[in-house]
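Source file: coords.cif; contents: mmCIF, C-alpha atoms.
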data_final
loop_
_atom_site.label_atom_id
_atom_site.label_comp_id
_atom_site.auth_asym_id
_atom_site.auth_seq_id
_atom_site.Cartn_x
_atom_site.Cartn_y
_atom_site.Cartn_z
CA MET A 4 -5.14 -56.41 -48.51
CA LYS A 5 -4.73 -53.77 -51.23
CA LYS A 6 -8.50 -53.50 -51.45
CA ILE A 7 -8.75 -52.87 -47.73
CA ILE A 8 -6.09 -50.14 -47.87
CA LEU A 9 -7.80 -48.61 -50.87
CA LEU A 10 -11.14 -48.67 -49.06
CA ILE A 11 -9.60 -46.99 -45.99
CA LEU A 12 -7.98 -44.33 -48.16
CA ILE A 13 -11.26 -43.64 -49.92
CA PHE A 14 -13.22 -43.44 -46.72
CA LEU A 15 -10.47 -41.77 -44.65
CA PRO A 16 -11.78 -38.22 -45.07
CA ILE A 17 -15.25 -39.41 -44.12
CA ILE A 18 -13.92 -41.37 -41.13
CA LEU A 19 -11.87 -38.36 -40.00
CA LYS A 20 -14.77 -35.99 -40.50
CA ALA A 21 -17.05 -38.28 -38.51
CA GLN A 22 -14.48 -38.47 -35.71
CA THR A 23 -13.95 -34.74 -35.78
CA GLU A 24 -17.66 -34.06 -35.55
CA GLU A 25 -18.00 -36.49 -32.72
CA THR A 26 -15.01 -35.39 -30.68
CA LEU A 27 -14.88 -31.63 -31.09
CA TYR A 28 -16.66 -30.54 -27.99
CA ARG A 29 -16.59 -27.12 -26.55
CA TYR A 30 -18.07 -26.11 -23.23
CA ILE A 31 -18.78 -22.78 -21.69
CA ASP A 32 -19.57 -22.98 -17.99
CA LEU A 33 -20.68 -20.21 -15.70
CA SER A 34 -21.08 -20.75 -12.00
CA ARG A 35 -21.69 -18.84 -8.83
CA GLY A 36 -21.28 -19.92 -5.24
CA ILE A 37 -19.25 -19.63 -2.08
CA ASN A 38 -15.51 -19.40 -1.69
CA ILE A 39 -14.04 -20.76 1.54
CA ASN A 40 -10.73 -19.38 2.70
CA LEU A 41 -8.98 -22.39 4.19
CA SER A 42 -6.02 -20.52 5.68
CA ASN A 43 -7.04 -19.15 9.04
CA PRO A 44 -5.16 -15.90 9.58
CA GLN A 45 -5.59 -16.04 13.35
CA PHE A 46 -2.83 -18.60 13.60
CA ASP A 47 -0.48 -16.81 11.27
CA ASN A 48 2.07 -14.05 11.80
CA SER A 49 1.54 -10.34 11.11
CA ILE A 50 1.77 -10.88 7.34
CA GLY A 51 -0.94 -13.51 7.41
CA LEU A 52 -3.07 -11.09 9.40
CA LEU A 53 -2.48 -8.23 6.98
CA SER A 54 -3.58 -10.32 4.04
CA GLY A 55 -6.21 -12.27 5.96
CA THR A 56 -9.79 -12.28 4.77
CA GLN A 57 -13.00 -13.63 6.23
CA THR A 58 -13.65 -17.32 5.70
CA ILE A 59 -16.71 -17.19 3.46
CA SER A 60 -17.08 -15.01 0.38
CA SER A 61 -19.01 -15.25 -2.86
CA PHE A 62 -17.55 -15.93 -6.27
CA ILE A 63 -18.42 -16.01 -9.94
CA LYS A 64 -16.54 -18.12 -12.40
CA GLY A 65 -16.41 -18.64 -16.14
CA ARG A 66 -14.67 -21.47 -17.95
CA PHE A 67 -14.10 -22.43 -21.54
CA SER A 68 -13.17 -26.06 -22.24
CA TYR A 69 -12.14 -27.60 -25.53
CA PHE A 70 -11.92 -31.37 -25.95
CA PHE A 71 -9.49 -32.88 -28.46
CA ASN A 72 -11.17 -36.27 -28.30
CA SER A 73 -13.94 -37.95 -26.36
CA ARG A 74 -11.84 -37.94 -23.18
CA TRP A 75 -9.17 -35.29 -23.00
CA GLY A 76 -9.38 -31.57 -23.31
CA THR A 77 -7.96 -28.28 -22.22
CA TYR A 78 -9.58 -25.38 -20.38
CA ALA A 79 -9.14 -21.78 -19.32
CA ASP A 80 -10.86 -20.61 -16.19
CA LEU A 81 -11.36 -17.13 -14.71
CA LYS A 82 -12.73 -16.66 -11.24
CA PHE A 83 -13.55 -13.53 -9.25
CA TYR A 84 -14.37 -13.53 -5.57
CA PHE A 85 -15.39 -10.70 -3.32
CA VAL A 86 -13.66 -10.79 0.02
CA THR A 87 -13.98 -8.86 3.26
CA PHE A 88 -10.80 -8.28 5.21
CA SER A 89 -10.44 -9.78 8.66
CA GLU A 90 -10.48 -7.29 11.50
CA SER A 91 -6.92 -6.39 12.36
CA ASN A 92 -5.41 -4.48 15.19
CA LEU A 93 -2.38 -2.51 14.09
CA SER A 94 -0.65 -3.01 17.43
CA ASN A 95 0.04 -6.57 16.29
CA PHE A 96 2.40 -5.24 13.66
CA LEU A 97 4.60 -3.10 15.89
CA PRO A 98 7.94 -4.87 16.12
CA LYS A 99 8.97 -5.74 19.69
CA ILE A 100 11.93 -3.33 19.67
CA TYR A 101 9.55 -0.46 18.96
CA GLU A 102 7.19 -1.14 21.83
CA ASN A 103 7.65 0.94 25.00
CA PRO A 104 9.21 3.46 25.26
CA TYR A 105 7.82 4.43 21.86
CA TYR A 106 4.63 6.18 20.87
CA LYS A 107 2.80 5.12 17.77
CA PHE A 108 1.08 7.64 15.51
CA ASP A 109 0.43 8.59 11.91
CA GLU A 110 -1.14 5.31 10.90
CA PHE A 111 -1.91 4.89 7.26
CA THR A 112 -3.75 1.77 6.35
CA ILE A 113 -6.57 -0.63 6.61
CA ASN A 114 -9.24 1.71 5.34
CA GLU A 115 -10.11 -0.95 2.82
CA LYS A 116 -12.78 -3.31 4.00
CA HIS A 117 -13.42 -5.22 0.78
CA ALA A 118 -11.45 -6.35 -2.22
CA THR A 119 -12.18 -8.18 -5.45
CA LEU A 120 -9.71 -10.93 -6.12
CA GLY A 121 -9.32 -13.09 -9.16
CA ASP A 122 -7.48 -16.08 -10.48
CA LEU A 123 -6.75 -17.26 -13.96
CA THR A 124 -5.95 -20.90 -14.70
CA ILE A 125 -5.25 -23.00 -17.76
CA GLY A 126 -4.92 -26.74 -17.65
CA ALA A 127 -6.11 -30.19 -18.67
CA THR A 128 -9.54 -31.69 -18.23
CA TYR A 129 -10.96 -35.19 -18.59
CA ARG A 130 -14.51 -36.25 -19.44
CA ILE A 131 -16.56 -39.24 -18.33
CA GLU A 132 -20.13 -39.24 -19.56
CA ASN A 133 -23.26 -41.19 -20.29
CA LYS A 134 -26.53 -40.09 -21.83
CA ASN A 135 -27.65 -37.71 -19.10
CA TRP A 136 -24.67 -37.19 -16.87
CA SER A 137 -21.10 -36.12 -17.27
CA VAL A 138 -18.22 -35.65 -14.89
CA ARG A 139 -15.28 -33.44 -15.80
CA PRO A 140 -12.33 -33.38 -13.40
CA ARG A 141 -9.55 -30.89 -14.14
CA ILE A 142 -6.14 -29.70 -13.03
CA GLY A 143 -4.37 -26.52 -14.00
CA PHE A 144 -1.78 -23.88 -13.22
CA GLY A 145 -2.19 -20.15 -13.13
CA ILE A 146 -1.99 -16.93 -11.24
CA GLY A 147 -4.08 -16.14 -8.22
CA GLU A 148 -4.50 -13.00 -6.20
CA VAL A 149 -4.20 -12.60 -2.46
CA ALA A 150 -5.56 -9.58 -0.66
CA GLY A 151 -2.72 -7.49 0.68
CA ARG A 152 -2.99 -4.38 2.76
CA SER A 153 0.11 -2.30 2.97
CA THR A 154 0.44 -0.48 6.22
CA ARG A 155 2.61 2.32 7.44
CA PHE A 156 2.98 4.03 10.75
CA SER A 157 5.44 6.13 12.67
CA VAL A 158 6.81 5.71 16.15
CA LYS A 159 8.31 8.39 18.34
CA GLU A 160 10.86 7.44 20.93
CA ASN A 161 10.01 8.54 24.44
CA GLY A 162 12.32 11.27 25.77
CA THR A 163 13.90 12.13 22.41
CA ASN A 164 13.09 13.71 19.06
CA ASN A 165 13.71 10.38 17.26
CA ILE A 166 10.94 9.29 14.91
CA TYR A 167 10.93 6.15 12.79
CA LYS A 168 8.66 5.24 9.92
CA ILE A 169 7.68 1.58 9.77
CA ASN A 170 6.33 0.22 6.50
CA TYR A 171 4.83 -3.12 5.62
CA LEU A 172 4.56 -3.05 1.84
CA ALA A 173 2.56 -5.69 0.01
CA GLY A 174 4.93 -6.91 -2.68
CA ASN A 175 6.96 -3.77 -3.04
CA LYS A 176 4.21 -1.24 -3.44
CA PHE A 177 1.05 0.02 -1.87
CA LEU A 178 -1.23 -2.39 -3.66
CA ASP A 179 -4.22 -4.18 -2.34
CA VAL A 180 -3.52 -7.41 -4.21
CA ILE A 181 -0.50 -9.67 -4.56
CA ASP A 182 -0.23 -12.06 -7.52
CA LEU A 183 1.06 -15.54 -6.72
CA PRO A 184 1.33 -18.79 -8.69
CA ILE A 185 -1.37 -21.39 -8.04
CA ILE A 186 -2.24 -25.02 -8.71
CA LYS A 187 -5.94 -25.56 -9.11
CA THR A 188 -7.93 -28.77 -9.19
CA GLY A 189 -11.64 -29.19 -9.53
CA ILE A 190 -14.53 -31.28 -10.67
CA ASN A 191 -17.66 -30.44 -12.58
CA LEU A 192 -20.75 -32.66 -12.26
CA ASN A 193 -23.28 -32.06 -15.01
CA TYR A 194 -26.82 -33.05 -15.74
CA LYS A 195 -27.43 -32.67 -19.45
CA ILE A 196 -30.57 -31.22 -20.98
CA ASP A 197 -29.80 -31.14 -24.71
CA GLU A 198 -26.95 -28.69 -25.16
CA LEU A 199 -27.47 -27.20 -21.73
CA ASN A 200 -25.83 -28.49 -18.55
CA LEU A 201 -26.87 -27.93 -14.99
CA SER A 202 -23.68 -28.23 -13.03
CA LEU A 203 -22.22 -28.50 -9.58
CA ASP A 204 -18.71 -27.10 -9.62
CA ILE A 205 -16.14 -27.72 -6.90
CA GLY A 206 -12.66 -26.22 -7.06
CA TYR A 207 -9.61 -26.21 -4.84
CA THR A 208 -6.93 -23.55 -5.19
CA GLN A 209 -3.52 -24.08 -3.66
CA PHE A 210 -1.11 -21.14 -3.72
CA ILE A 211 2.41 -22.44 -4.18
CA LYS A 212 4.19 -19.37 -2.89
CA LYS A 213 3.89 -17.65 0.46
CA VAL A 214 2.60 -14.10 0.78
CA SER A 215 5.54 -11.73 1.14
CA TYR A 216 5.79 -8.21 2.45
CA THR A 217 8.70 -5.81 2.50
CA TYR A 218 9.31 -4.62 6.04
CA GLN A 219 11.14 -1.34 6.19
CA VAL A 220 12.21 1.03 8.97
CA LYS A 221 13.31 4.54 8.04
CA ASP A 222 14.65 7.50 9.98
CA ALA A 223 11.82 10.01 9.54
CA TYR A 224 14.24 12.97 9.37
CA THR A 225 16.66 11.67 6.77
CA GLU A 226 14.53 8.95 5.08
CA LYS A 227 17.58 6.72 5.53
CA ILE A 228 16.63 3.02 5.59
CA ILE A 229 17.65 1.47 8.89
CA ASP A 230 16.11 -1.96 8.39
CA ASN A 231 14.84 -3.63 5.22
CA LYS A 232 13.82 -7.24 4.89
CA LYS A 233 11.27 -9.57 3.34
CA ILE A 234 8.76 -11.18 5.63
CA TYR A 235 6.74 -14.20 4.57
CA SER A 236 3.44 -15.50 5.87
CA LYS A 237 3.64 -18.79 7.76
CA ALA A 238 0.99 -20.57 5.74
CA LEU A 239 0.41 -21.07 2.04
CA PRO A 240 -3.03 -19.65 1.27
CA SER A 241 -5.67 -22.00 -0.12
CA ASN A 242 -9.30 -21.71 -1.17
CA LEU A 243 -12.18 -24.09 -1.73
CA ASP A 244 -15.07 -23.01 -3.92
CA ILE A 245 -18.42 -24.69 -4.33
CA GLY A 246 -20.91 -23.36 -6.80
CA LEU A 247 -23.87 -24.10 -9.01
CA GLY A 248 -23.98 -23.14 -12.62
CA LEU A 249 -25.09 -23.46 -16.17
CA GLY A 250 -23.11 -24.79 -19.07
CA LEU A 251 -23.43 -24.74 -22.80
CA ASN A 252 -22.10 -27.61 -24.87
CA PHE A 253 -21.47 -26.90 -28.57
CA MET B 6 4.63 -12.80 -14.05
CA LYS B 7 4.07 -10.37 -11.23
CA TYR B 8 0.72 -8.60 -11.43
CA LEU B 9 0.18 -10.27 -14.79
CA LEU B 10 -3.47 -10.94 -14.15
CA ARG B 11 -4.15 -7.34 -13.15
CA THR B 12 -2.17 -6.11 -16.11
CA ILE B 13 -4.23 -8.20 -18.52
CA LEU B 14 -7.48 -7.00 -17.00
CA VAL B 15 -6.39 -3.37 -16.88
CA LEU B 16 -5.25 -3.56 -20.50
CA ALA B 17 -8.59 -5.06 -21.47
CA ILE B 18 -10.42 -2.23 -19.74
CA PHE B 19 -8.16 0.41 -21.26
CA LEU B 20 -8.73 -0.95 -24.74
CA GLY B 21 -12.35 -0.04 -24.40
CA MET B 22 -12.06 3.39 -22.89
CA GLY B 23 -10.20 6.62 -23.29
CA CYS B 24 -8.91 8.98 -20.64
CA ASP B 25 -8.87 12.71 -20.95
CA CYS B 26 -7.00 13.96 -17.95
CA GLU B 27 -5.24 16.78 -19.76
CA GLY B 28 -4.86 19.91 -17.74
CA TYR B 29 -6.31 18.37 -14.61
CA TRP B 30 -3.11 18.61 -12.61
CA ASP B 31 -2.02 21.91 -14.06
CA GLU B 32 -4.62 23.95 -12.25
CA GLU B 33 -3.06 26.25 -9.67
CA PRO B 34 -5.15 27.06 -6.62
CA GLU B 35 -6.13 30.67 -6.08
CA TYR B 36 -3.82 32.17 -3.50
CA LYS B 37 -4.64 34.88 -0.99
CA SER B 38 -1.81 37.29 -0.61
CA CYS B 39 -0.30 38.04 2.82
CA ARG B 40 2.71 39.74 4.33
CA LEU B 41 5.09 38.55 7.03
CA THR B 42 5.02 41.11 9.83
CA ASP B 43 6.84 39.42 12.69
CA VAL B 44 8.29 36.20 14.04
CA GLN B 45 7.86 34.64 17.48
CA LEU B 46 10.12 31.96 18.92
CA HIS B 47 9.05 29.24 21.34
CA HIS B 48 10.95 26.48 23.15
CA MET B 49 9.17 23.14 22.88
CA ASN B 50 9.49 20.02 24.97
CA ASN B 51 9.20 16.80 22.98
CA GLU B 52 9.88 14.26 25.72
CA GLY B 53 6.41 12.75 25.73
CA LYS B 54 3.86 11.77 23.16
CA GLN B 55 2.69 15.32 22.46
CA LEU B 56 4.74 18.44 22.02
CA ILE B 57 4.34 20.92 24.88
CA GLU B 58 5.73 24.38 25.52
CA ALA B 59 8.90 24.23 27.64
CA THR B 60 8.72 25.36 31.26
CA SER B 61 11.38 27.01 33.43
CA THR B 62 12.56 23.57 34.63
CA GLY B 63 14.06 23.03 31.20
CA VAL B 64 13.97 20.37 28.53
CA LYS B 65 15.81 17.10 28.09
CA LYS B 66 18.60 17.92 25.65
CA GLU B 67 17.65 15.08 23.25
CA ALA B 68 14.06 16.31 23.09
CA TYR B 69 14.41 20.03 22.38
CA LEU B 70 12.45 21.61 19.56
CA LEU B 71 12.36 25.21 18.36
CA ARG B 72 9.04 26.57 17.13
CA ILE B 73 9.07 29.57 14.84
CA ASP B 74 5.68 31.29 14.53
CA LEU B 75 5.22 33.37 11.42
CA ILE B 76 3.01 36.36 12.16
CA THR B 77 1.27 37.59 9.05
CA ASP B 78 -1.37 40.20 8.32
CA SER B 79 -3.80 37.35 7.54
CA LEU B 80 -5.20 35.09 10.18
CA LEU B 81 -4.33 31.45 9.55
CA SER B 82 -6.52 29.10 11.53
CA THR B 83 -6.57 25.33 11.99
CA TYR B 84 -9.56 24.83 9.71
CA ASN B 85 -8.42 27.12 6.98
CA TYR B 86 -8.81 25.74 3.51
CA ASP B 87 -7.52 28.83 1.75
CA PHE B 88 -4.08 28.95 0.23
CA TYR B 89 -1.93 31.86 1.32
CA LYS B 90 1.11 33.15 -0.44
CA LEU B 91 3.68 35.46 1.10
CA GLU B 92 4.20 38.58 -1.00
CA ASP B 93 7.79 38.59 0.14
CA GLY B 94 8.88 34.96 0.52
CA ILE B 95 11.47 33.68 2.97
CA ILE B 96 14.58 32.64 1.10
CA LYS B 97 16.83 31.86 4.03
CA LEU B 98 16.37 30.76 7.63
CA ASN B 99 19.49 30.95 9.77
CA ILE B 100 19.91 29.87 13.36
CA ASN B 101 22.94 30.89 15.39
CA THR B 102 23.71 29.73 18.88
CA VAL B 103 24.27 32.50 21.41
CA ASN B 104 26.16 30.25 23.84
CA ALA B 105 28.40 27.34 22.82
CA LEU B 106 26.10 24.47 21.76
CA ASN B 107 28.75 21.80 22.24
CA GLN B 108 32.43 21.33 21.40
CA ASP B 109 31.78 21.57 17.65
CA TYR B 110 29.64 24.68 17.78
CA PRO B 111 31.13 27.57 19.81
CA ALA B 112 29.20 30.69 20.82
CA GLY B 113 27.90 32.55 17.77
CA ALA B 114 28.26 29.55 15.43
CA ASP B 115 25.75 28.86 12.67
CA VAL B 116 23.75 25.85 13.87
CA THR B 117 21.08 25.86 11.12
CA THR B 118 22.10 22.38 9.96
CA CYS B 119 21.63 21.02 13.50
CA PHE B 120 17.89 21.68 13.22
CA LYS B 121 15.63 19.54 11.02
CA ASN B 122 11.97 19.80 10.10
CA TYR B 123 10.01 17.84 12.68
CA PRO B 124 8.21 14.90 10.98
CA GLY B 125 5.89 14.24 13.90
CA GLN B 126 2.34 15.34 14.59
CA THR B 127 1.90 19.08 14.98
CA GLU B 128 -0.67 21.75 14.35
CA LEU B 129 -0.50 24.40 11.64
CA GLN B 130 2.94 23.18 10.65
CA ILE B 131 4.72 24.41 7.59
CA TRP B 132 7.94 22.94 6.34
CA ASP B 133 11.18 24.92 6.30
CA SER B 134 11.81 24.44 2.60
CA THR B 135 14.84 26.76 2.66
CA GLN B 136 16.78 23.73 3.94
CA LYS B 137 16.47 22.38 0.39
CA GLY B 138 17.17 25.74 -1.21
CA ASP B 139 13.52 26.59 -1.90
CA THR B 140 11.60 29.69 -0.90
CA ILE B 141 8.89 29.59 1.75
CA ASP B 142 6.05 31.44 0.08
CA VAL B 143 2.96 29.25 -0.12
CA ILE B 144 1.90 28.80 3.48
CA THR B 145 -0.85 26.53 4.67
CA GLY B 146 0.18 26.86 8.30
CA SER B 147 2.07 29.38 10.40
CA LYS B 148 4.44 27.37 12.57
CA ILE B 149 7.83 25.95 11.67
CA TYR B 150 8.88 23.13 14.00
CA LEU B 151 12.60 22.45 14.00
CA ALA B 152 13.93 19.54 16.04
CA LEU B 153 17.46 19.83 17.41
CA ARG B 154 19.25 16.77 15.99
CA THR B 155 22.67 17.50 17.51
CA ILE B 156 23.04 16.74 21.19
CA PRO B 157 23.95 19.98 22.98
CA LYS B 158 25.95 20.23 26.18
CA ALA B 159 23.87 20.56 29.32
CA GLY B 160 23.21 24.11 30.40
CA SER B 161 21.48 27.30 29.41
CA HIS B 162 21.09 27.94 25.70
CA SER B 163 19.54 30.54 23.48
CA PHE B 164 19.35 30.89 19.73
CA ARG B 165 19.22 33.77 17.28
CA VAL B 166 16.96 33.24 14.29
CA THR B 167 17.40 35.31 11.14
CA LEU B 168 14.88 35.20 8.32
CA THR B 169 16.01 36.66 5.01
CA LEU B 170 13.19 37.67 2.68
CA ALA B 171 13.30 37.79 -1.10
CA SER B 172 13.37 41.61 -1.01
CA GLY B 173 16.51 41.50 1.13
CA ARG B 174 14.68 42.50 4.29
CA LYS B 175 15.81 40.61 7.39
CA ILE B 176 13.88 39.71 10.50
CA GLU B 177 16.07 38.77 13.45
CA ARG B 178 14.83 37.47 16.82
CA GLU B 179 16.53 35.86 19.79
CA THR B 180 15.02 33.26 22.06
CA THR B 181 14.85 33.56 25.80
CA PRO B 182 17.38 31.25 27.51
CA VAL B 183 16.29 27.64 27.95
CA ILE B 184 17.87 25.04 30.20
CA LEU B 185 18.74 21.83 28.34
CA ASN B 186 19.58 19.01 30.71
#

Written as structure tokens, that's how I'd like the structure from this file.
Amino acid sequence: MKKIILLILIFLPIILKAQTEETLYRYIDLSRGININLSNPQFDNSIGLLSGTQTISSFIKGRFSYFFNSRWGTYADLKFYFVTFSESNLSNFLPKIYENPYYKFDEFTINEKHATLGDLTIGATYRIENKNWSVRPRIGFGIGEVAGRSTRFSVKENGTNNIYKINYLAGNKFLDVIDLPIIKTGINLNYKIDELNLSLDIGYTQFIKKVSYTYQVKDAYTEKIIDNKKIYSKALPSNLDIGLGLGLNF
Amino acid sequence: MKYLLRTILVLAIFLGMGCDCEGYWDEEPEYKSCRLTDVQLHHMNNEGKQLIEATSTGVKKEAYLLRIDLITDSLLSTYNYDFYKLEDGIIKLNINTVNALNQDYPAGADVTTCFKNYPGQTELQIWDSTQKGDTIDVITGSKIYLALRTIPKAGSHSFRVTLTLASGRKIERETTPVILN
């Protein structure tokens, strides 16, 4: 027994080194493909419409994965996608109480047609592989961006001098993106050619918070706030991305 | 948490670049000098979508607006991109009612505070900055639109407008009567 323990102790550094060499795997993956916006803004309220983008857009993605052993690892993933805003008619955003007998003017918004959005995720990944193929599913948490167009317009009451300013502010400011927390799952199918991987990458992004806008009505003469509330989109945004890419295993 | 991703990216970009914006905002435009020669007063009807000049039938009392046209020795036009500065700026703009405006404002009372700068769509508008204690000197338009924000009693009304210039010179004009109903 003592001999066995002694043998293990002698060979432990070598065993550990061998394991380390075998299990320390790093991957860098780059992919490009299409991003599908799964939340259809047509069935949402005004907020969903303001932040709504067209269904298909293109994306690029980079990911670094580090495996602790032959199975489990961690990853960080950064994705950018280039969206086009859905066509929106501002009359949809005029609150009912400010319809007739009011006149709408002084619109300030929706000049932006395109936006670049991103999301950043860190999480856990798992590896199943044979000689030529490997499959790496993953799950992570992070921050994702939603396109947000702040809009502002004024209404004048018919028959009086009264003018009100109506603001829909993305977040609290005039920004074109809103950061929200996300859960992201995905899978990476790889065909290995030495250290290189040809990969098919599929990802699903689920936002876990609704898009919110600050709705504000002000008296245009005094700038006094008459109404101020938060409005949330009906749906939680979600995206599916499918892309092809190259990976480096080292 | 909020805007964290953007912040990280912006920081990363800023690490690699410098910004030399010094003095950019300090540049004053070159002003053309002009002098105020006269003032014209107009009654405006703001009942509809667009402002129109009041007719003899009168104006709804909630929709009355007083337009003060500044007549200068320089011609200010709609598509004028020059900056004009009054040699003798307006430091005070007073409006007095000739007839009793309502119970609170008898004949002759100072009703300046009842008029507010009109925030709607107008042409060649300049803001009455004397309401905030500033001087009107840089002028990019020639018309001051003041909306009556106190409901007057129905009837015939006229107003006396007094402009006090920095030199102490005063220009005083009185409107023709207007029926507010």

My list of candidates is B:Gly63, B:Gly113, B:Gly125, B:Gly94. Which is closest to chain A when distances are computed with only C-alpha atoms? B:Gly125

So which residues get picked by the PyMOL selection byres ((chain A) within 7 of (chain B)) here, written as a VMD selection string? chain A and resid 106 146 161 to 164 182 223 to 224

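The gap separating atom CA of A:Ser60 from atom CA of A:Ile181 is 18.1 Å, in Å to one decimal.
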
How many Å lie between atom CA of A:Asp197 and atom CA of A:Trp136, rounded to one decimal?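 Interatomic distance here is 11.2 Å.
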
Given the point (19.8, 25.9, 25.0) in the file's coordinates, find the residues that have an atom at most 7 Å from it, counting only C-alpha atoms, and give them as an MDAnalysis selection string. chainID B and resid 160:163 182:185

Picked residues, the PyMOL selection byres ((chain B and resi 41) around 8), expected as a PyMOL selection string: chain B and resi 39-40+42-43+75-78+91+93

With C-alpha atoms retained, could you export that selection as a compact mmCIF listing (two decimals), in the frame of the given file?
# COMPACT_ATOMS: atom_id res chain seq x y z
CA CYS B 39 -0.30 38.04 2.82
CA ARG B 40 2.71 39.74 4.33
CA THR B 42 5.02 41.11 9.83
CA ASP B 43 6.84 39.42 12.69
CA LEU B 75 5.22 33.37 11.42
CA ILE B 76 3.01 36.36 12.16
CA THR B 77 1.27 37.59 9.05
CA ASP B 78 -1.37 40.20 8.32
CA LEU B 91 3.68 35.46 1.10
CA ASP B 93 7.79 38.59 0.14

Would you kindly translate the PyMOL selection byres ((chain B and resi 146) around 6) into the concrete residues it picks from this file, as a list in words?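 Evaluating the PyMOL selection byres ((chain B and resi 146) around 6) on this file yields Leu129, Gln130, Ile131, Ile144, Thr145 and Ser147 of chain B.
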
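For the pair atom CA of B:Arg178 and atom CA of A:Asn165, the interatomic distance is 27.1 Å.
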
Contacts of A:Phe67 at 7 Å (all atoms listed in the file; same-chain gap of 4+ positions) as a PDB file with C-alpha atoms, in the frame of the given file:
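Saved result, selection-v5.pdb, follows:
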ATOM      1  CA  TYR A  30     -18.070 -26.110 -23.230  1.00  0.00           C
ATOM      2  CA  ILE A  31     -18.780 -22.780 -21.690  1.00  0.00           C
ATOM      3  CA  ASP A  32     -19.570 -22.980 -17.990  1.00  0.00           C
ATOM      4  CA  TYR A  78      -9.580 -25.380 -20.380  1.00  0.00           C
ATOM      5  CA  ALA A  79      -9.140 -21.780 -19.320  1.00  0.00           C
ATOM      6  CA  ASP A  80     -10.860 -20.610 -16.190  1.00  0.00           C
TER       7      ASP A  80
END

Between B:Thr60, B:Asp133, B:Asp142, B:Asn104, which is the closest to B:Ser38 once you count only C-alpha atoms?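 For B:Ser38, the nearest of the given residues is B:Asp142.
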
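By all atoms listed in the file, and with residues fewer than 2 positions from B:Phe88 along its chain excluded, the set lying at most 8 Å from it is B:Pro34, B:Glu35, B:Tyr36, B:Lys37, B:Tyr86, B:Lys90, B:Val143, B:Ile144, B:Thr145.
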
Option closest in space to B:Thr102, from B:Ile149, B:Val166, B:Ile73, B:Ile141 [counting all atoms listed in the file]: B:Val166
